[in-house]
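Dumped structure_28.txt below, it's compact mmCIF, C-alpha atoms:
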```txt
# COMPACT_ATOMS: atom_id res chain seq x y z
CA MET X 186 -13.84 -35.31 31.56
CA ASP X 187 -11.24 -36.81 29.20
CA ILE X 188 -13.53 -39.80 28.63
CA LEU X 189 -16.44 -37.48 27.80
CA ALA X 190 -14.28 -35.57 25.32
CA ILE X 191 -13.05 -38.69 23.57
CA GLY X 192 -16.56 -40.19 23.62
CA SER X 193 -18.14 -37.12 22.07
CA PHE X 194 -15.62 -37.13 19.23
CA ALA X 195 -16.21 -40.86 18.71
CA ILE X 196 -19.95 -40.22 18.44
CA LEU X 197 -19.32 -37.70 15.66
CA VAL X 198 -17.17 -40.17 13.76
CA ILE X 199 -19.89 -42.83 14.04
CA ALA X 200 -22.49 -40.27 12.90
CA TRP X 201 -20.48 -39.58 9.74
CA LEU X 202 -20.49 -43.30 8.97
CA VAL X 203 -24.25 -43.65 9.35
CA ALA X 204 -25.22 -40.25 7.90
CA PRO X 205 -27.24 -40.32 4.67
CA THR X 206 -25.19 -40.59 1.50
CA ALA X 207 -28.03 -40.12 -1.00
CA SER X 208 -27.14 -37.49 -3.56
CA VAL X 209 -29.23 -35.40 -5.90
CA ALA X 210 -26.25 -34.90 -8.22
CA ALA X 211 -27.35 -37.61 -10.62
CA GLU X 212 -30.65 -35.82 -11.15
CA HIS X 213 -29.07 -32.42 -11.60
CA PRO X 214 -29.36 -31.11 -15.18
CA ALA X 215 -25.74 -29.99 -15.28
CA THR X 216 -24.60 -33.46 -14.30
CA GLU X 217 -26.76 -35.02 -16.98
CA GLU X 218 -25.33 -32.64 -19.56
CA ARG X 219 -21.81 -33.49 -18.56
CA ALA X 220 -22.61 -37.19 -18.67
CA ALA X 221 -24.10 -36.81 -22.15
CA ALA X 222 -21.05 -34.93 -23.34
CA MET L 360 6.60 1.91 38.85
CA ASP L 361 5.72 -1.14 36.76
CA LYS L 362 8.23 -2.18 34.15
CA ILE L 363 7.19 -2.64 30.55
CA ASN L 364 7.77 -6.11 29.15
CA THR L 365 8.58 -5.94 25.45
CA GLY L 366 7.34 -9.48 24.73
CA ASP L 367 3.98 -8.80 26.36
CA THR L 368 3.67 -5.49 24.58
CA ALA L 369 4.49 -7.01 21.19
CA TRP L 370 1.95 -9.78 21.71
CA LEU L 371 -0.80 -7.41 22.84
CA LEU L 372 -0.28 -5.02 19.92
CA ALA L 373 -0.23 -7.93 17.48
CA SER L 374 -3.39 -9.27 19.11
CA ALA L 375 -5.08 -5.89 18.75
CA ALA L 376 -4.29 -6.04 15.04
CA LEU L 377 -5.69 -9.58 14.83
CA VAL L 378 -8.92 -8.51 16.52
CA MET L 379 -9.13 -5.47 14.25
CA LEU L 380 -9.20 -7.81 11.25
CA MET L 381 -12.21 -9.61 12.69
CA THR L 382 -14.62 -6.75 12.01
CA PRO L 383 -14.03 -6.59 8.22
CA ALA L 384 -14.00 -10.41 8.33
CA LEU L 385 -17.44 -10.26 9.92
CA GLY L 386 -18.48 -7.97 7.07
CA PHE L 387 -17.52 -10.70 4.59
CA PHE L 388 -19.14 -13.42 6.72
CA TYR L 389 -22.41 -11.47 6.75
CA GLY L 390 -21.96 -10.08 3.23
CA GLY L 391 -21.99 -13.53 1.67
CA LEU L 392 -25.18 -14.45 3.49
CA VAL L 393 -27.31 -11.61 2.14
CA ARG L 394 -28.76 -11.15 -1.34
CA ARG L 395 -26.63 -9.61 -4.05
CA LYS L 396 -28.47 -6.27 -3.87
CA ASN L 397 -27.53 -5.77 -0.19
CA VAL L 398 -23.93 -6.98 0.01
CA LEU L 399 -22.22 -3.58 -0.02
CA ALA L 400 -24.58 -2.18 2.60
CA THR L 401 -23.92 -5.19 4.80
CA ILE L 402 -20.14 -4.94 4.49
CA MET L 403 -20.42 -1.20 5.10
CA HIS L 404 -22.08 -1.84 8.47
CA SER L 405 -18.93 -3.51 9.76
CA PHE L 406 -16.46 -1.23 8.00
CA PHE L 407 -18.24 1.91 9.15
CA ILE L 408 -18.39 0.70 12.74
CA LEU L 409 -14.64 0.12 12.69
CA ALA L 410 -14.20 3.84 12.03
CA LEU L 411 -17.06 5.11 14.19
CA ILE L 412 -16.24 3.24 17.39
CA SER L 413 -12.51 3.84 16.98
CA VAL L 414 -13.27 7.53 17.50
CA GLN L 415 -16.01 7.03 20.12
CA TRP L 416 -13.68 4.79 22.17
CA VAL L 417 -10.78 7.24 22.41
CA LEU L 418 -13.10 10.19 23.12
CA TRP L 419 -15.29 8.71 25.87
CA GLY L 420 -15.92 4.95 25.47
CA TYR L 421 -12.70 3.78 27.11
CA SER L 422 -13.19 6.15 30.02
CA LEU L 423 -16.77 4.96 30.61
CA ALA L 424 -15.71 1.31 30.47
CA PHE L 425 -12.39 1.35 32.34
CA GLY L 426 -12.20 4.76 34.01
CA PRO L 427 -12.42 5.24 37.80
CA ASP L 428 -15.50 3.46 39.11
CA HIS L 429 -18.83 5.04 40.02
CA GLY L 430 -20.99 2.73 42.14
CA GLY L 431 -19.91 -0.41 40.32
CA LEU L 432 -21.96 0.64 37.32
CA ILE L 433 -19.88 2.90 35.09
CA GLY L 434 -16.45 4.44 34.75
CA GLY L 435 -16.06 8.18 35.10
CA LEU L 436 -15.07 10.74 32.51
CA ASP L 437 -11.61 11.23 34.02
CA TRP L 438 -9.95 9.66 30.98
CA LEU L 439 -11.92 11.64 28.42
CA SER L 440 -9.91 11.88 25.17
CA LEU L 441 -7.46 9.46 26.79
CA LYS L 442 -6.29 12.05 29.29
CA GLY L 443 -3.79 10.26 31.54
CA VAL L 444 -3.72 7.14 29.36
CA GLY L 445 -0.17 7.04 28.10
CA GLN L 446 2.94 4.98 27.60
CA GLU L 447 3.22 3.93 31.23
CA PRO L 448 1.37 0.78 32.33
CA ASN L 449 -1.85 0.83 34.33
CA ALA L 450 -1.19 -1.70 37.09
CA ASP L 451 -4.93 -2.29 37.62
CA TYR L 452 -5.39 -3.81 34.17
CA ALA L 453 -2.11 -4.78 32.48
CA PRO L 454 0.99 -4.07 34.54
CA THR L 455 3.58 -5.00 31.90
CA VAL L 456 2.35 -3.11 28.83
CA PRO L 457 1.73 0.57 28.05
CA ALA L 458 -1.76 1.71 29.03
CA LEU L 459 -2.23 2.76 25.41
CA ALA L 460 -1.64 -0.82 24.24
CA PHE L 461 -4.31 -2.13 26.61
CA MET L 462 -6.65 0.65 25.50
CA VAL L 463 -6.29 -0.11 21.79
CA PHE L 464 -6.69 -3.86 22.38
CA GLN L 465 -9.95 -3.17 24.21
CA MET L 466 -10.98 -0.77 21.45
CA MET L 467 -11.15 -3.61 18.96
CA PHE L 468 -13.59 -5.47 21.22
CA ALA L 469 -15.75 -2.37 21.45
CA VAL L 470 -15.65 -2.15 17.65
CA ILE L 471 -16.73 -5.68 16.81
CA THR L 472 -19.54 -5.96 19.38
CA PRO L 473 -22.08 -3.60 17.75
CA ALA L 474 -21.00 -4.94 14.35
CA LEU L 475 -22.24 -8.37 15.41
CA ILE L 476 -25.76 -6.98 15.89
CA THR L 477 -25.97 -5.73 12.30
CA GLY L 478 -26.66 -9.27 11.08
CA ALA L 479 -30.07 -9.16 12.72
CA PHE L 480 -31.35 -6.10 10.87
CA ALA L 481 -29.57 -6.74 7.57
CA GLU L 482 -31.35 -5.94 4.31
CA ARG L 483 -33.88 -3.52 5.76
CA LYS L 484 -32.45 -0.92 8.14
CA ARG L 485 -32.04 2.72 7.20
CA PHE L 486 -28.35 3.71 7.22
CA LYS L 487 -28.95 6.83 9.28
CA ALA L 488 -30.84 4.80 11.90
CA PHE L 489 -27.98 2.31 11.99
CA VAL L 490 -25.43 5.08 12.62
CA VAL L 491 -27.39 6.60 15.51
CA PHE L 492 -28.19 3.18 16.96
CA THR L 493 -24.54 2.12 16.94
CA LEU L 494 -23.33 5.23 18.70
CA LEU L 495 -26.04 5.09 21.37
CA TRP L 496 -25.74 1.35 21.86
CA ALA L 497 -21.96 1.47 22.27
CA THR L 498 -22.26 4.25 24.84
CA LEU L 499 -25.30 3.04 26.77
CA VAL L 500 -24.93 -0.74 26.58
CA TYR L 501 -21.40 -1.87 25.71
CA ASP L 502 -19.44 0.62 27.81
CA PRO L 503 -21.43 0.05 31.05
CA VAL L 504 -21.50 -3.75 30.73
CA ALA L 505 -17.76 -3.80 29.97
CA HIS L 506 -17.31 -1.83 33.18
CA TRP L 507 -19.52 -4.20 35.18
CA VAL L 508 -17.48 -7.22 34.16
CA TRP L 509 -13.94 -5.94 33.54
CA GLY L 510 -13.66 -2.50 35.12
CA VAL L 511 -12.01 -2.19 38.53
CA GLY L 512 -14.96 -1.89 40.94
CA GLY L 513 -17.49 -3.19 38.40
CA TRP L 514 -20.23 -5.05 40.26
CA LEU L 515 -20.03 -8.29 38.30
CA ARG L 516 -16.24 -8.32 38.62
CA VAL L 517 -16.57 -7.82 42.37
CA LEU L 518 -19.14 -10.63 42.45
CA GLY L 519 -16.54 -12.99 40.93
CA THR L 520 -17.82 -13.38 37.37
CA LEU L 521 -15.38 -15.14 35.08
CA ASP L 522 -15.30 -13.72 31.54
CA PHE L 523 -11.85 -14.11 30.06
CA ALA L 524 -12.41 -12.51 26.67
CA GLY L 525 -15.98 -11.29 26.44
CA GLY L 526 -18.64 -14.00 26.45
CA THR L 527 -20.86 -11.76 28.53
CA VAL L 528 -19.56 -8.36 27.48
CA VAL L 529 -19.41 -9.05 23.75
CA HIS L 530 -21.60 -12.00 22.80
CA ILE L 531 -24.53 -11.99 25.19
CA THR L 532 -25.02 -8.24 24.87
CA SER L 533 -24.87 -8.33 21.07
CA GLY L 534 -26.81 -11.57 20.66
CA VAL L 535 -29.71 -10.53 22.87
CA SER L 536 -29.76 -7.04 21.36
CA ALA L 537 -29.90 -8.65 17.92
CA LEU L 538 -33.00 -10.61 18.89
CA VAL L 539 -34.69 -7.46 20.16
CA ALA L 540 -33.71 -5.58 17.00
CA ALA L 541 -35.12 -8.34 14.79
CA LEU L 542 -38.41 -8.24 16.68
CA VAL L 543 -38.69 -4.43 16.71
CA LEU L 544 -37.79 -3.99 13.03
CA GLY L 545 -39.97 -6.85 11.86
CA ARG L 546 -39.39 -9.33 9.06
CA ARG L 547 -37.88 -8.58 5.67
CA ARG L 548 -40.39 -8.22 2.85
CA GLY L 549 -41.00 -11.61 1.33
CA TYR L 550 -39.74 -13.50 4.38
CA GLY L 551 -41.39 -16.92 4.39
CA LEU L 552 -43.04 -16.24 1.01
CA GLU L 553 -40.03 -16.34 -1.31
CA PRO L 554 -36.54 -17.85 -0.97
CA ILE L 555 -34.01 -15.47 0.60
CA GLU L 556 -30.72 -17.20 -0.16
CA PRO L 557 -27.05 -16.30 0.51
CA HIS L 558 -25.62 -14.74 -2.64
CA ASP L 559 -22.01 -15.90 -2.12
CA ALA L 560 -21.28 -18.79 0.24
CA THR L 561 -17.56 -18.63 -0.60
CA MET L 562 -17.41 -15.10 0.80
CA THR L 563 -19.01 -16.34 4.01
CA VAL L 564 -16.53 -19.19 4.43
CA LEU L 565 -13.65 -16.77 3.81
CA GLY L 566 -15.12 -14.44 6.43
CA ALA L 567 -15.49 -17.28 8.93
CA SER L 568 -11.90 -18.36 8.32
CA LEU L 569 -10.60 -14.85 8.93
CA LEU L 570 -12.73 -14.63 12.07
CA TRP L 571 -11.19 -17.86 13.30
CA PHE L 572 -7.71 -16.44 12.61
CA GLY L 573 -8.46 -13.15 14.36
CA TRP L 574 -9.98 -14.93 17.34
CA PHE L 575 -6.51 -16.06 18.42
CA GLY L 576 -5.85 -12.41 19.21
CA PHE L 577 -9.25 -12.03 20.84
CA ASN L 578 -8.77 -14.89 23.29
CA ALA L 579 -5.04 -15.52 23.59
CA GLY L 580 -4.43 -11.76 23.59
CA SER L 581 -6.77 -11.47 26.58
CA ALA L 582 -4.06 -13.07 28.70
CA LEU L 583 -2.49 -9.58 28.37
CA ALA L 584 0.90 -11.26 28.50
CA SER L 585 2.96 -13.49 26.27
CA GLY L 586 3.13 -16.70 28.28
CA GLY L 587 1.55 -19.98 29.26
CA LEU L 588 -1.96 -18.64 29.77
CA ALA L 589 -1.96 -17.16 26.26
CA ALA L 590 -0.84 -20.52 24.89
CA ASN L 591 -3.64 -22.30 26.76
CA ALA L 592 -6.20 -19.83 25.44
CA PHE L 593 -4.86 -20.26 21.89
CA VAL L 594 -5.12 -24.07 22.01
CA VAL L 595 -8.58 -24.30 23.60
CA THR L 596 -9.88 -21.64 21.20
CA ASN L 597 -8.78 -23.62 18.17
CA THR L 598 -10.07 -26.88 19.63
CA ALA L 599 -13.52 -25.56 20.50
CA ALA L 600 -13.92 -23.95 17.08
CA ALA L 601 -12.96 -27.17 15.37
CA MET L 602 -15.24 -29.31 17.52
CA ALA L 603 -18.20 -26.98 17.04
CA ALA L 604 -17.68 -26.91 13.26
CA LEU L 605 -17.67 -30.71 13.19
CA THR L 606 -20.70 -30.91 15.47
CA TRP L 607 -22.83 -28.35 13.61
CA MET L 608 -22.02 -29.97 10.27
CA THR L 609 -22.93 -33.39 11.67
CA VAL L 610 -26.19 -32.27 13.27
CA SER L 611 -27.26 -30.48 10.09
CA TRP L 612 -26.22 -33.53 8.03
CA LEU L 613 -28.42 -35.80 10.13
CA HIS L 614 -31.23 -33.24 10.16
CA LYS L 615 -31.25 -32.14 6.54
CA GLY L 616 -29.43 -34.92 4.72
CA ALA L 617 -26.24 -33.16 3.60
CA PRO L 618 -23.05 -31.86 5.26
CA SER L 619 -23.53 -28.11 4.92
CA VAL L 620 -20.52 -25.93 4.13
CA LEU L 621 -22.23 -22.85 5.55
CA GLY L 622 -23.13 -24.99 8.57
CA ALA L 623 -19.49 -25.85 9.19
CA ALA L 624 -18.58 -22.16 8.95
CA ALA L 625 -21.37 -21.08 11.31
CA GLY L 626 -20.45 -23.91 13.67
CA ALA L 627 -16.84 -22.74 13.87
CA VAL L 628 -18.02 -19.24 14.79
CA ALA L 629 -20.40 -20.67 17.41
CA GLY L 630 -17.50 -22.60 18.95
CA LEU L 631 -15.33 -19.50 18.99
CA VAL L 632 -18.12 -17.58 20.71
CA ALA L 633 -18.66 -20.24 23.37
CA ILE L 634 -15.00 -20.68 24.26
CA THR L 635 -14.44 -16.92 24.55
CA PRO L 636 -15.32 -16.48 28.25
CA ALA L 637 -13.75 -19.82 29.16
CA SER L 638 -10.51 -19.70 27.21
CA GLY L 639 -8.35 -18.56 30.11
CA PHE L 640 -9.90 -20.92 32.66
CA VAL L 641 -10.48 -24.35 31.06
CA ASP L 642 -8.36 -27.20 29.72
CA VAL L 643 -8.46 -28.93 26.36
CA SER L 644 -10.95 -31.67 27.30
CA ALA L 645 -13.39 -29.04 28.51
CA SER L 646 -12.94 -27.10 25.27
CA ILE L 647 -14.05 -30.17 23.31
CA LEU L 648 -17.22 -30.39 25.38
CA ILE L 649 -17.80 -26.65 25.04
CA GLY L 650 -17.43 -26.96 21.27
CA LEU L 651 -19.80 -29.93 21.24
CA GLY L 652 -22.41 -27.93 23.17
CA ALA L 653 -21.96 -24.87 20.96
CA GLY L 654 -22.49 -26.81 17.75
CA THR L 655 -25.60 -28.44 19.13
CA PHE L 656 -27.29 -25.68 21.15
CA CYS L 657 -26.70 -22.93 18.59
CA TYR L 658 -28.04 -25.08 15.77
CA VAL L 659 -31.16 -25.90 17.80
CA GLY L 660 -31.55 -22.23 18.79
CA ILE L 661 -31.56 -21.15 15.15
CA GLN L 662 -34.09 -23.81 14.16
CA LEU L 663 -36.32 -22.64 17.00
CA ALA L 664 -36.08 -18.99 15.92
CA LYS L 665 -36.99 -19.97 12.36
CA ARG L 666 -39.95 -21.97 13.60
CA LEU L 667 -41.13 -18.91 15.54
CA LYS L 668 -40.67 -16.88 12.33
CA VAL L 669 -38.29 -14.42 13.97
CA ASP L 670 -36.35 -12.84 11.10
CA ASP L 671 -32.96 -12.54 12.80
CA ALA L 672 -31.61 -12.33 9.26
CA LEU L 673 -28.13 -13.76 9.81
CA ASP L 674 -28.79 -15.78 12.98
CA VAL L 675 -26.99 -13.47 15.39
CA PHE L 676 -29.00 -14.52 18.44
CA GLY L 677 -28.62 -18.21 17.63
CA VAL L 678 -24.84 -17.97 17.32
CA HIS L 679 -23.84 -15.15 19.67
CA GLY L 680 -26.73 -15.09 22.14
CA VAL L 681 -27.08 -18.83 22.65
CA GLY L 682 -23.35 -19.45 22.19
CA GLY L 683 -22.48 -16.64 24.61
CA MET L 684 -24.87 -17.93 27.28
CA TRP L 685 -23.62 -21.49 26.89
CA GLY L 686 -20.01 -20.30 27.10
CA ALA L 687 -20.64 -18.21 30.21
CA LEU L 688 -22.40 -21.08 31.98
CA ALA L 689 -19.85 -23.62 30.75
CA THR L 690 -17.13 -21.47 32.29
CA GLY L 691 -18.95 -21.89 35.60
CA ILE L 692 -18.90 -25.65 35.07
CA PHE L 693 -15.44 -26.37 33.64
CA ALA L 694 -13.19 -23.60 35.03
CA THR L 695 -10.22 -24.84 37.03
CA VAL L 696 -7.51 -23.09 38.98
CA ALA L 697 -5.09 -25.64 37.55
CA VAL L 698 -5.25 -23.60 34.34
CA ASN L 699 -5.47 -20.16 35.91
CA ALA L 700 -4.77 -19.61 39.58
CA ALA L 701 -6.32 -16.16 39.36
CA GLY L 702 -9.64 -17.70 38.29
CA ALA L 703 -11.81 -20.14 40.23
CA ASN L 704 -12.96 -23.72 40.13
CA GLY L 705 -16.27 -24.45 38.45
CA ALA L 706 -19.06 -26.89 39.32
CA ALA L 707 -17.17 -29.84 37.81
CA TYR L 708 -14.43 -29.20 40.37
CA GLY L 709 -16.76 -28.90 43.36
CA ASN L 710 -17.60 -25.19 43.26
CA LEU L 711 -21.27 -25.01 42.33
CA ALA L 712 -21.44 -21.39 43.48
CA GLN L 713 -19.39 -20.31 40.45
CA LEU L 714 -22.15 -21.55 38.16
CA GLY L 715 -24.61 -19.40 40.10
CA THR L 716 -22.36 -16.38 39.73
CA GLN L 717 -22.13 -16.97 35.99
CA ALA L 718 -25.92 -17.30 35.77
CA ILE L 719 -26.35 -13.93 37.50
CA ALA L 720 -24.01 -12.35 34.95
CA VAL L 721 -25.93 -13.92 32.09
CA ILE L 722 -29.31 -12.74 33.37
CA ALA L 723 -28.11 -9.25 34.25
CA SER L 724 -26.31 -8.58 30.96
CA ALA L 725 -29.10 -10.10 28.86
CA THR L 726 -31.87 -8.19 30.63
CA TYR L 727 -30.05 -4.87 30.56
CA SER L 728 -29.11 -5.27 26.89
CA ALA L 729 -32.66 -6.21 25.90
CA VAL L 730 -34.31 -3.30 27.71
CA MET L 731 -31.80 -0.69 26.57
CA THR L 732 -31.82 -1.89 22.97
CA PHE L 733 -35.62 -1.75 22.90
CA VAL L 734 -35.64 1.80 24.26
CA ILE L 735 -32.90 2.99 21.88
CA LEU L 736 -34.66 1.52 18.86
CA LYS L 737 -38.02 3.00 19.84
CA VAL L 738 -36.51 6.47 20.27
CA ILE L 739 -34.71 6.21 16.92
CA GLY L 740 -37.93 4.96 15.35
CA ILE L 741 -39.67 8.15 16.46
CA PHE L 742 -37.02 10.63 15.36
CA VAL L 743 -35.29 8.97 12.41
CA GLY L 744 -37.28 5.92 11.30
CA LEU L 745 -35.82 2.44 11.47
CA ARG L 746 -36.65 0.81 8.14
CA VAL L 747 -36.21 1.88 4.58
CA PRO L 748 -39.44 2.35 2.60
CA GLU L 749 -40.80 -0.71 0.82
CA GLN L 750 -39.65 0.31 -2.67
CA GLU L 751 -36.10 0.90 -1.39
CA GLU L 752 -36.04 -2.50 0.29
CA VAL L 753 -37.16 -4.11 -2.96
CA LEU L 754 -34.52 -2.17 -4.91
CA GLY L 755 -31.85 -3.16 -2.39
CA LEU L 756 -29.85 -1.14 0.12
CA ASP L 757 -26.72 -0.89 -2.05
CA ALA L 758 -28.56 1.25 -4.57
CA SER L 759 -31.04 2.98 -2.25
CA GLN L 760 -28.73 3.81 0.67
CA HIS L 761 -25.31 4.07 -0.95
CA ARG L 762 -25.96 4.60 -4.68
CA GLU L 763 -23.37 1.98 -5.49
CA ALA L 764 -23.36 -1.57 -6.81
CA ALA L 765 -21.18 -4.40 -5.56
CA TYR L 766 -20.74 -6.14 -8.89
CA GLN L 767 -20.62 -4.93 -12.47
CA ILE L 768 -20.96 -8.43 -13.92
```
How does the structure come out when it is put into structure tokens?
Amino acid sequence: MDILAIGSFAILVIAWLVAPTASVAAEHPATEERAAA
Amino acid sequence: MDKINTGDTAWLLASAALVMLMTPALGFFYGGLVRRKNVLATIMHSFFILALISVQWVLWGYSLAFGPDHGGLIGGLDWLSLKGVGQEPNADYAPTVPALAFMVFQMMFAVITPALITGAFAERKRFKAFVVFTLLWATLVYDPVAHWVWGVGGWLRVLGTLDFAGGTVVHITSGVSALVAALVLGRRRGYGLEPIEPHDATMTVLGASLLWFGWFGFNAGSALASGGLAANAFVVTNTAAAMAALTWMTVSWLHKGAPSVLGAAAGAVAGLVAITPASGFVDVSASILIGLGAGTFCYVGIQLAKRLKVDDALDVFGVHGVGGMWGALATGIFATVAVNAAGANGAAYGNLAQLGTQAIAVIASATYSAVMTFVILKVIGIFVGLRVPEQEEVLGLDASQHREAAYQI
């Protein structure tokens, strides 16, 4: 059971590494305003 | 005569106070998830229940749940108005603390359980209908099921059901009842046609954090003594909550492309729900697996409910129903007498029968809760009316039911 517990946590860590990183922040009007300022 | 242990008594009273805080915390958790026009009404559900069930419990609720047994189904009225429940311990339940301390600890469980259901009918239920429903539900559903599982002579207790802190009694009953309530009341106006967004996610995260804090009293307090078992329950509770928060956030990240803050908060609550029945019977490794399952199964359950267009407004069934069932069954898998000699081994330790016992408890409590909730709601629908009229729903319940506004800005 210890192996399963460690393995499941390891899977989460790997998922964070491969999870999408695309952001909509650059397209957000407030971000554009701040960038312009 | 049993001797009172001051350490145990101090811990149980402190735990009762921790569990008390969970109901207003739930009000904030739910309050943030509703629209601005319904936040006061939503918080009021929890706050009002804290007062209502506090009185119901001392008058007859405690006696029905824990009083002398009648046929394994219900306690008697011998302890009406707490007659005979005093400063001396009751050896049947908690031999080292005053019976009053055990009673008030259990009161806080009776308080929060109907409050959990309110998330399902948020933003559309008539206040008067809510009041009557809560009183009837507490008396006809919570008190009997608490007796079945925890009362001396209760049939599920006699059968050998393991429910350390209320997976069956609290979460399955409320979660299943929430689903029935959502179906009977019907969807909110505009559901599926216009966005119905949480008005204050920060309030929800604060509520979830306070729930997490209070849950240490809920689970570790259920040891009814200040010792090793309480410490085990404390540690596995925290671990399962953490693991479920991480899992839910990860699953939603992979599914929807962003790590959701509300998802992490809901995941933590799902983990707390799932570890509740197991917390006095499982070790840390099992709590990680229980948290993993909670984060995954509850997330999937909510997506399924949304696909079926069931307007369980604040996902009570997905979190408490699914999480409660998973926790009850997981207890039958991962329980070990190495943690609690008074418990039993689960399927993972060679005792498959325990999983069967847990399944019986799940089916019995879910079926009874569903049928009784349906009947109660139908009766209230006839005599009081369940929903507010359309114009009042559009206006919002804060103004229409309470003539108050949450914010002046």
Restrict the distance test to only C-alpha atoms, flag each residue of chain L within 10 Å of chain X, and return the flagged residues as a list in words.
->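 On the chain L side, the interface is Met602, Leu605, Thr606, Met608, Thr609, Val610, Trp612, Leu613, His614, Lys615, Gly616, Ala617, Pro618, Asp642, Val643, Ser644, Ala645, Ser646, Ile647, Leu648, Ile649, Leu651, Phe693 and Ala707 of chain L.
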Extract, using all atoms listed in the file, all DNA, RNA and protein residues at most 10 Å from Phe577 of chain L, discarding same-chain residues fewer than 6 positions from it, and format them as a list in words.
->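 Using all atoms listed in the file, the neighbours found are Leu371, Ser374, Ala375, Ala376, Leu377, Val378, Met379, Met381, Phe464, Gln465, Met467, Phe468, Phe523, Ala524, Gly525, Leu570, Trp571, Ala592, Phe593, Thr596, Leu631 and Thr635 of chain L.
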List the neighbours of Gly744 of chain L out to 12 Å using all atoms listed in the file; skip same-chain residues closer than 4 positions along the sequence, and give me the result as a ChimeraX atom specification.
-> /L:483-492,543-544,735-740,748
Two-atom distance - atom CA of Ile531 of chain L, atom CA of Ile412 of chain L (Å) |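 Taking atom CA of Ile531 of chain L as the start and atom CA of Ile412 of chain L as the end point, the length is 19.0 Å.
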Fewer than 5 positions away in the same chain doesn't count, so skip those; otherwise give me all residues within 10 Å of Ala725 of chain L, counting only C-alpha atoms, as number ranges by chain.
-> L: 527-528, 530-536, 680, 684, 719-720, 730
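Of the listed residues L:Val463, L:Ala384, L:Ala765, L:Leu588, the one whose atoms come nearest to Ser568 of chain L is L:Ala384, with distances taken using all atoms listed in the file.
If you look at atom CA of Glu763 of chain L and atom CA of Met403 of chain L, they are 11.4 Å away from each other.
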Any idea what the distance is between atom CA of Asp451 of chain L and atom CA of Ser413 of chain L?
->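 Distance between the two atoms: 22.8 Å.
Closest approach to Leu538 of chain L among L:Ala633, L:Ala584, L:Ala672, L:Ala458 is made by L:Ala672 (distances from all atoms listed in the file).
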